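Structure data follow from protein.cif (mmCIF, C-alpha atoms and all ligand atoms):
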data_my_file
#
loop_
_atom_site.label_atom_id
_atom_site.label_comp_id
_atom_site.auth_asym_id
_atom_site.auth_seq_id
_atom_site.Cartn_x
_atom_site.Cartn_y
_atom_site.Cartn_z
CA MET D 1 -4.16 272.90 125.38
CA ILE D 2 -1.98 271.50 128.17
CA ARG D 3 -3.57 268.08 127.68
CA ASN D 4 -2.38 268.03 124.08
CA LEU D 5 1.24 268.56 125.07
CA PRO D 6 2.25 264.90 125.57
CA ALA D 7 0.99 263.95 122.10
CA LEU D 8 2.66 266.97 120.59
CA PHE D 9 5.92 266.09 122.33
CA ILE D 10 5.80 262.52 121.04
CA PHE D 11 5.16 263.71 117.51
CA LEU D 12 8.00 266.22 117.58
CA SER D 13 10.48 263.83 119.13
CA LEU D 14 9.56 261.16 116.58
CA PHE D 15 10.55 263.42 113.76
CA LEU D 16 13.70 264.57 115.50
CA ILE D 17 14.86 261.02 116.28
CA SER D 18 15.82 259.61 112.97
CA CYS D 19 15.62 260.23 109.32
CA THR D 20 17.77 257.71 107.53
CA THR D 21 18.20 256.45 103.96
CA ALA D 22 18.00 252.97 102.47
CA PRO D 23 21.17 251.60 100.80
CA ILE D 24 21.40 251.63 96.95
CA THR D 25 18.00 253.28 96.40
CA GLY D 26 18.68 256.23 98.73
CA ARG D 27 15.02 256.32 99.78
CA GLY D 28 14.42 258.47 102.85
CA GLN D 29 13.11 256.53 105.86
CA LEU D 30 11.67 257.35 109.23
CA ILE D 31 12.92 254.79 111.75
CA LEU D 32 12.24 255.30 115.44
CA LEU D 33 14.47 252.49 116.73
CA SER D 34 18.25 252.63 116.75
CA GLU D 35 20.01 250.09 114.55
CA TYR D 36 21.40 248.57 117.75
CA GLN D 37 17.89 248.04 119.19
CA GLU D 38 16.78 246.49 115.94
CA ILE D 39 19.75 244.08 115.90
CA GLN D 40 18.97 243.05 119.49
CA LEU D 41 15.38 242.27 118.47
CA GLY D 42 16.76 240.25 115.54
CA LEU D 43 19.04 238.30 117.86
CA THR D 44 16.18 237.40 120.21
CA ALA D 45 14.03 236.22 117.31
CA TYR D 46 16.98 234.27 115.91
CA ASN D 47 17.65 232.35 119.13
CA GLN D 48 13.96 231.53 119.32
CA ALA D 49 13.90 230.31 115.71
CA LEU D 50 16.92 228.06 116.30
CA LYS D 51 15.21 226.53 119.33
CA GLU D 52 11.95 225.91 117.50
CA ASN D 53 13.36 224.47 114.27
CA LYS D 54 15.52 221.49 113.40
CA LEU D 55 18.66 222.26 111.44
CA SER D 56 19.19 220.40 108.17
CA THR D 57 21.82 217.70 107.73
CA ASN D 58 21.85 218.08 103.94
CA LYS D 59 25.54 218.86 103.47
CA ALA D 60 25.21 219.99 99.85
CA TYR D 61 22.53 222.54 100.82
CA ILE D 62 24.44 223.80 103.87
CA ASP D 63 27.68 224.18 101.89
CA SER D 64 25.96 226.05 99.08
CA VAL D 65 24.11 228.44 101.39
CA ARG D 66 27.30 229.23 103.34
CA GLN D 67 29.35 229.58 100.15
CA VAL D 68 26.86 232.11 98.72
CA GLY D 69 26.48 233.88 102.07
CA THR D 70 30.18 234.42 102.64
CA ARG D 71 30.36 236.08 99.22
CA ILE D 72 27.29 238.30 99.56
CA GLY D 73 27.85 239.43 103.17
CA PRO D 74 30.97 241.52 102.44
CA VAL D 75 29.48 243.34 99.40
CA THR D 76 26.65 244.83 101.48
CA GLY D 77 29.05 247.12 103.37
CA LYS D 78 27.46 246.02 106.66
CA ASN D 79 29.70 244.76 109.41
CA TYR D 80 27.18 242.19 110.69
CA ASN D 81 28.03 239.06 112.59
CA TRP D 82 26.71 236.90 109.73
CA GLU D 83 25.32 233.41 110.29
CA PHE D 84 23.88 231.09 107.63
CA ASN D 85 21.67 228.09 108.36
CA VAL D 86 19.50 225.56 106.58
CA ILE D 87 16.34 224.39 108.35
CA GLU D 88 14.95 220.88 107.88
CA SER D 89 11.50 221.59 106.48
CA ASP D 90 9.79 221.40 103.12
CA VAL D 91 8.29 224.84 103.61
CA ILE D 92 9.17 227.32 100.87
CA ASN D 93 10.77 229.99 103.00
CA ALA D 94 13.93 231.96 103.73
CA TRP D 95 14.68 234.93 105.96
CA CYS D 96 17.35 237.31 107.16
CA LEU D 97 16.88 238.91 110.56
CA PRO D 98 18.31 242.33 111.47
CA GLY D 99 22.00 241.82 112.23
CA GLY D 100 22.56 239.25 109.44
CA LYS D 101 21.13 236.00 110.82
CA ILE D 102 19.99 233.99 107.82
CA ALA D 103 18.03 230.79 107.30
CA PHE D 104 16.94 228.88 104.22
CA TYR D 105 14.34 226.11 104.49
CA GLU D 106 15.07 222.93 102.51
CA GLY D 107 11.78 223.43 100.65
CA ILE D 108 12.95 226.59 98.89
CA LEU D 109 16.27 224.97 97.95
CA ASP D 110 14.39 221.97 96.50
CA ILE D 111 12.79 224.16 93.83
CA MET D 112 16.02 226.02 92.93
CA ASP D 113 18.31 225.05 90.06
CA ASN D 114 21.61 226.51 91.16
CA GLU D 115 23.62 228.66 93.60
CA ALA D 116 22.94 231.84 91.66
CA GLN D 117 19.26 231.43 92.60
CA ILE D 118 20.28 231.04 96.25
CA ALA D 119 22.16 234.32 95.76
CA ALA D 120 18.98 235.92 94.37
CA VAL D 121 16.87 235.00 97.41
CA MET D 122 19.68 235.73 99.83
CA GLY D 123 20.33 239.14 98.23
CA HIS D 124 16.63 239.96 98.55
CA GLU D 125 16.34 238.82 102.19
CA ILE D 126 19.58 240.55 103.22
CA ALA D 127 18.31 243.72 101.55
CA HIS D 128 15.28 243.69 103.89
CA ALA D 129 17.74 243.67 106.80
CA THR D 130 20.26 246.21 105.50
CA ALA D 131 17.47 248.59 104.44
CA ARG D 132 16.04 248.14 107.94
CA HIS D 133 12.56 247.28 106.70
CA GLY D 134 11.68 245.63 110.02
CA GLY D 135 12.49 248.79 111.98
CA GLU D 136 10.56 250.84 109.47
CA ARG D 137 7.45 248.69 109.89
CA ILE D 138 7.68 248.79 113.69
CA SER D 139 7.98 252.58 113.42
CA LEU D 140 4.89 252.74 111.23
CA GLY D 141 3.01 250.74 113.85
CA ILE D 142 4.11 253.21 116.54
CA LEU D 143 3.11 256.16 114.37
CA ALA D 144 -0.27 254.59 113.68
CA GLN D 145 -0.81 254.23 117.43
CA VAL D 146 0.31 257.77 118.14
CA GLY D 147 -2.01 258.86 115.32
CA ALA D 148 -4.87 257.04 117.03
CA VAL D 149 -4.07 258.76 120.35
CA ALA D 150 -3.91 262.16 118.66
CA LEU D 151 -7.20 261.45 116.94
CA GLN D 152 -8.74 260.46 120.26
CA ILE D 153 -7.62 263.76 121.80
CA ALA D 154 -8.93 265.74 118.85
CA MET D 155 -12.26 263.92 119.01
CA ARG D 156 -12.83 263.98 122.75
CA LYS D 157 -15.43 266.72 122.68
CA LYS D 158 -17.34 265.22 119.79
CA ASP D 159 -20.52 263.23 120.09
CA SER D 160 -19.80 259.55 120.85
CA ALA D 161 -21.54 258.29 117.71
CA VAL D 162 -19.29 260.55 115.62
CA GLN D 163 -16.24 259.29 117.55
CA TYR D 164 -17.22 255.69 116.89
CA ALA D 165 -17.66 256.28 113.17
CA VAL D 166 -14.28 258.02 112.88
CA PHE D 167 -12.44 255.23 114.71
CA GLN D 168 -14.14 252.56 112.63
CA ALA D 169 -12.89 254.32 109.52
CA TYR D 170 -9.44 255.02 110.89
CA ALA D 171 -7.99 251.51 111.37
CA PRO D 172 -8.68 250.14 107.86
CA THR D 173 -7.48 253.44 106.41
CA VAL D 174 -4.11 253.06 108.10
CA LEU D 175 -3.79 249.41 107.13
CA ILE D 176 -4.88 249.74 103.52
CA GLY D 177 -3.63 253.24 102.89
CA VAL D 178 -0.24 253.18 104.59
CA ILE D 179 1.03 249.84 105.84
CA LEU D 180 0.13 247.60 102.88
CA PRO D 181 1.56 249.86 100.16
CA TYR D 182 4.63 250.18 102.34
CA SER D 183 5.11 246.44 102.27
CA ARG D 184 4.83 246.43 98.47
CA LEU D 185 7.36 249.24 98.33
CA GLN D 186 9.71 247.32 100.61
CA GLU D 187 9.39 244.18 98.47
CA SER D 188 10.22 246.09 95.34
CA GLU D 189 13.14 247.83 97.07
CA ALA D 190 14.49 244.47 98.34
CA ASP D 191 14.28 243.11 94.76
CA GLN D 192 16.24 246.07 93.46
CA ILE D 193 18.94 246.00 96.17
CA GLY D 194 19.13 242.19 96.05
CA LEU D 195 19.99 242.26 92.35
CA ILE D 196 22.86 244.66 93.02
CA TYR D 197 24.18 242.56 95.91
CA MET D 198 24.19 239.33 93.88
CA ALA D 199 25.84 241.09 90.92
CA ARG D 200 28.55 242.55 93.16
CA ALA D 201 29.21 239.08 94.55
CA GLY D 202 29.66 237.73 91.00
CA TYR D 203 26.34 235.93 90.49
CA ASN D 204 24.35 236.46 87.29
CA PRO D 205 21.33 238.64 88.19
CA GLU D 206 19.30 237.07 85.35
CA GLU D 207 18.99 234.01 87.61
CA ALA D 208 16.83 236.11 89.97
CA VAL D 209 14.23 236.51 87.22
CA THR D 210 14.45 232.77 86.46
CA PHE D 211 13.89 231.97 90.13
CA TRP D 212 10.83 234.21 90.41
CA GLU D 213 9.43 232.56 87.28
CA ILE D 214 9.89 229.17 89.03
CA MET D 215 8.06 230.62 92.06
CA TYR D 216 5.29 231.90 89.84
CA GLU D 217 4.85 228.44 88.28
CA THR D 218 5.03 226.75 91.71
CA ASN D 219 2.31 229.05 93.00
CA LYS D 220 0.02 228.81 89.98
CA GLY D 221 -3.26 227.04 90.59
CA LYS D 222 -2.61 226.50 94.30
CA PRO D 223 -5.57 227.53 96.44
CA ARG D 224 -3.52 228.81 99.37
CA PRO D 225 0.01 230.04 98.78
CA PRO D 226 2.69 229.04 101.33
CA GLU D 227 3.49 231.61 104.00
CA TRP D 228 6.52 233.06 102.23
CA LEU D 229 4.64 233.32 98.95
CA SER D 230 1.89 235.33 100.56
CA THR D 231 4.39 237.95 101.71
CA HIS D 232 6.44 237.61 98.49
CA PRO D 233 3.79 237.41 95.79
CA PRO D 234 5.53 236.34 92.56
CA THR D 235 3.22 238.24 90.27
CA LEU D 236 4.03 238.82 86.62
CA LYS D 237 4.05 242.54 87.41
CA ARG D 238 6.78 241.97 89.95
CA ILE D 239 8.86 239.91 87.50
CA GLN D 240 8.42 242.69 84.94
CA ALA D 241 9.62 245.27 87.47
CA MET D 242 12.70 243.10 88.14
CA ARG D 243 13.52 243.04 84.44
CA GLU D 244 13.56 246.82 84.55
CA PHE D 245 16.15 246.77 87.36
CA LEU D 246 18.26 244.19 85.48
CA PRO D 247 20.41 246.40 83.19
CA GLU D 248 22.06 248.23 86.11
CA ALA D 249 22.77 244.95 87.90
CA MET D 250 24.07 243.31 84.69
CA GLU D 251 26.51 246.17 84.20
CA ILE D 252 27.93 245.54 87.69
CA TYR D 253 28.02 241.78 87.09
CA LEU D 254 29.77 242.08 83.73
CA ALA D 255 32.32 244.52 85.14
CA SER D 256 33.25 242.09 87.88
CA GLU D 257 34.80 239.72 85.32
CA ASP D 258 37.37 238.27 87.73
CA LYS D 259 34.76 237.53 90.39
CA LYS D 260 32.30 235.83 88.05
CA ILE D 261 31.35 232.49 89.52
CA PRO D 262 30.54 229.45 87.39
CA VAL D 263 26.90 228.55 88.02
CA ARG D 264 27.00 225.50 90.31
CA GLN D 265 23.95 223.23 90.05
CA LEU D 266 22.13 222.22 93.20
CA HIS D 267 20.74 218.83 92.19
ZN ZN D 301 10.80 240.20 100.67
#
As C-alpha cells, the full file:
Amino acid sequence: MIRNLPALFIFLSLFLISCTTAPITGRGQLILLSEYQEIQLGLTAYNQALKENKLSTNKAYIDSVRQVGTRIGPVTGKNYNWEFNVIESDVINAWCLPGGKIAFYEGILDIMDNEAQIAAVMGHEIAHATARHGGERISLGILAQVGAVALQIAMRKKDSAVQYAVFQAYAPTVLIGVILPYSRLQESEADQIGLIYMARAGYNPEEAVTFWEIMYETNKGKPRPPEWLSTHPPTLKRIQAMREFLPEAMEIYLASEDKKIPVRQLH
C-alpha cells in the first residue's frame, strides 16, 4: 500500500490544484499550471518565434492587423500585454500565444477579403489563449502520464505478457479517446468565443462564416492541407456549427450600433 502513496498523492493534489472555467461558455476545466506559468511559457515561445521568422514589411497588412487587435484585445476582459505582428511567409497560419502575443502570416491575409475576417481569425486565436487551451492540453498530457504510472503500479504483479497487452492498448486509447476529442471541443469553443469577441469589437460575425467558407474552398482538392488547416479543419460540419452560434453574436453586434465598423477591404 505504501508504494501506492506517491501516485495517490499526485492524483489528489492534481484535483485540488485548479478547477477553472472557460470564458463565455463557462465550461469547467482542469488546469494544472497557474496562468502565470502558462504566460511565461507563451513568452518563451514568442521570443523564439520572433527569432526564427522574418517580420513582414507589408504596411497595409500590419496596420490592419494592429487596428483589429487593438479593438479586440480590450473586449476579452484580459489584461494581457498584447502584441500584434505579421510574419513574411505565404503559409496560411495565425496564432495567439498565452499572454496575448499574436502573429498573422501574410499567406492567411492574402486569402482574406477584409478586416472583419482578420477579426474572425484573431477572435478565434485569442479565444484559445483566454480559454487557456494550451494549459489544458499540457494538463491532459500530465494526467495521461500519471495515469500510465498508476496503471504500471496496478499491473506490477501481473504476468508480463498481460502488462504488455494493457500498455499497448492504453496509449492509443488516451490519444483517440481523450486528447483528440478535446482538441475538437477546443476548436468549437474557440469558434464560439471568437464570434462573441469580434461582435463585441464591432465586426460583423457573419464574416467569420464567409472566411471559413473561403478556407474550405482553399483546402478542397489539395492532397495535404497546410499546417494550420490540419489543426483547424474547415469542414462543412464546423461551418454549420458556427451558423448555430451566429444569432447570439449577431445580437451583440447589432446592439453595439455606435461601435459598428465599416468593413475595410484588404486588397
Ligand atoms: Zn483553433
Identify, counting all atoms listed in the file, the protein, DNA and RNA residues located within 8 Å of ligand ZN 301 (chain D), and give them as a PDB file with C-alpha atoms, keeping the file's coordinate frame.
ATOM      1  CA  HIS D 124      16.630 239.960  98.550  1.00  0.00           C
ATOM      2  CA  GLU D 125      16.340 238.820 102.190  1.00  0.00           C
ATOM      3  CA  HIS D 128      15.280 243.690 103.890  1.00  0.00           C
ATOM      4  CA  GLN D 186       9.710 247.320 100.610  1.00  0.00           C
ATOM      5  CA  GLU D 187       9.390 244.180  98.470  1.00  0.00           C
ATOM      6  CA  SER D 188      10.220 246.090  95.340  1.00  0.00           C
ATOM      7  CA  ALA D 190      14.490 244.470  98.340  1.00  0.00           C
ATOM      8  CA  ASP D 191      14.280 243.110  94.760  1.00  0.00           C
ATOM      9  CA  THR D 231       4.390 237.950 101.710  1.00  0.00           C
ATOM     10  CA  HIS D 232       6.440 237.610  98.490  1.00  0.00           C
TER      11      HIS D 232
END
Exercise for the section: May I have the residues at most 12 Å from (28.4, 237.7, 104.6) in the file's coordinates, counting all atoms listed in the file, as a VMD selection string? Expected result: chain D and resid 65 to 84 96 99 to 102 119 122 to 123 126 130 197 to 198 201
Kindly save the residues from that selection, with C-alpha atoms included, as a PDB file, keeping the file's coordinate frame.
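After the write, part10.pdb holds the following:
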ATOM      1  CA  VAL D  65      24.110 228.440 101.390  1.00  0.00           C
ATOM      2  CA  ARG D  66      27.300 229.230 103.340  1.00  0.00           C
ATOM      3  CA  GLN D  67      29.350 229.580 100.150  1.00  0.00           C
ATOM      4  CA  VAL D  68      26.860 232.110  98.720  1.00  0.00           C
ATOM      5  CA  GLY D  69      26.480 233.880 102.070  1.00  0.00           C
ATOM      6  CA  THR D  70      30.180 234.420 102.640  1.00  0.00           C
ATOM      7  CA  ARG D  71      30.360 236.080  99.220  1.00  0.00           C
ATOM      8  CA  ILE D  72      27.290 238.300  99.560  1.00  0.00           C
ATOM      9  CA  GLY D  73      27.850 239.430 103.170  1.00  0.00           C
ATOM     10  CA  PRO D  74      30.970 241.520 102.440  1.00  0.00           C
ATOM     11  CA  VAL D  75      29.480 243.340  99.400  1.00  0.00           C
ATOM     12  CA  THR D  76      26.650 244.830 101.480  1.00  0.00           C
ATOM     13  CA  GLY D  77      29.050 247.120 103.370  1.00  0.00           C
ATOM     14  CA  LYS D  78      27.460 246.020 106.660  1.00  0.00           C
ATOM     15  CA  ASN D  79      29.700 244.760 109.410  1.00  0.00           C
ATOM     16  CA  TYR D  80      27.180 242.190 110.690  1.00  0.00           C
ATOM     17  CA  ASN D  81      28.030 239.060 112.590  1.00  0.00           C
ATOM     18  CA  TRP D  82      26.710 236.900 109.730  1.00  0.00           C
ATOM     19  CA  GLU D  83      25.320 233.410 110.290  1.00  0.00           C
ATOM     20  CA  PHE D  84      23.880 231.090 107.630  1.00  0.00           C
ATOM     21  CA  CYS D  96      17.350 237.310 107.160  1.00  0.00           C
ATOM     22  CA  GLY D  99      22.000 241.820 112.230  1.00  0.00           C
ATOM     23  CA  GLY D 100      22.560 239.250 109.440  1.00  0.00           C
ATOM     24  CA  LYS D 101      21.130 236.000 110.820  1.00  0.00           C
ATOM     25  CA  ILE D 102      19.990 233.990 107.820  1.00  0.00           C
ATOM     26  CA  ALA D 119      22.160 234.320  95.760  1.00  0.00           C
ATOM     27  CA  MET D 122      19.680 235.730  99.830  1.00  0.00           C
ATOM     28  CA  GLY D 123      20.330 239.140  98.230  1.00  0.00           C
ATOM     29  CA  ILE D 126      19.580 240.550 103.220  1.00  0.00           C
ATOM     30  CA  THR D 130      20.260 246.210 105.500  1.00  0.00           C
ATOM     31  CA  TYR D 197      24.180 242.560  95.910  1.00  0.00           C
ATOM     32  CA  MET D 198      24.190 239.330  93.880  1.00  0.00           C
ATOM     33  CA  ALA D 201      29.210 239.080  94.550  1.00  0.00           C
TER      34      ALA D 201
END
Practice task
Considering all atoms listed in the file, return as a ChimeraX atom specification whatever protein or nucleic-acid residues lie within 10 Å of range 59-61 of chain D, sequence-local ones (same chain, fewer than 3 positions apart) excluded.
Solution key: /D:56,64-67,85-87,104-106,109-110,115,118,266-267
Practice task
Between CA of Leu97 in chain D and CA of Gly42 in chain D, measure the distance and give it in Å to one decimal.
Solution key: 5.2 Å
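Picture a line from CA of Glu213 in chain D to CA of Ile239 in chain D; it runs 7.4 Å.
CA of Tyr46 in chain D sits 16.0 Å away from CA of Arg132 in chain D.
When only C-alpha atoms are used to measure the gap to Phe211 in chain D, the shortest distance among D:Met242, D:Leu143, D:Ala165, D:Ala49 belongs to D:Met242.
Using all atoms listed in the file, the residues found no farther than 7 Å from Ile31 in chain D, other than those of its own chain fewer than 5 positions away, are D:Ser18, D:Cys19, D:Gly135, D:Glu136, D:Ser139.
Using only C-alpha atoms, the shortest contact distance between Gly26 in chain D and any of D:Val209, D:Ala131, D:Val162, D:Ile196 is found at D:Ala131.
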Using only C-alpha atoms, I'd like a table of the residues in range 94-183 of chain D that come within 10 Å of range 256-264 of chain D; for each, show the closest atom pair and its distance in Å rounded to one decimal, ordered by chain and ascending number, as CSV.
residue,atom,partner,partner_atom,distance
D:Asp113,CA,D:Arg264,CA,8.7
D:Asn114,CA,D:Arg264,CA,5.5
D:Glu115,CA,D:Arg264,CA,5.7
D:Ala116,CA,D:Val263,CA,6.3
D:Gln117,CA,D:Val263,CA,9.4
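Considering the residues D:Leu140, D:Ile39, D:Ala45, D:Ile214 and counting all atoms listed in the file, Tyr182 in chain D has its shortest atom-to-atom contact with D:Leu140.
The closest residue to Val121 in chain D, picked from D:Ile62, D:Ile193, D:Ile153, D:Leu43 and counting only C-alpha atoms, is D:Ile193.
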Completion exercise
Counting all atoms listed in the file, closest pick from D:Ile138, D:Ala94, D:Ala22, D:Met112 relative to Glu38 in chain D is D:Ile138
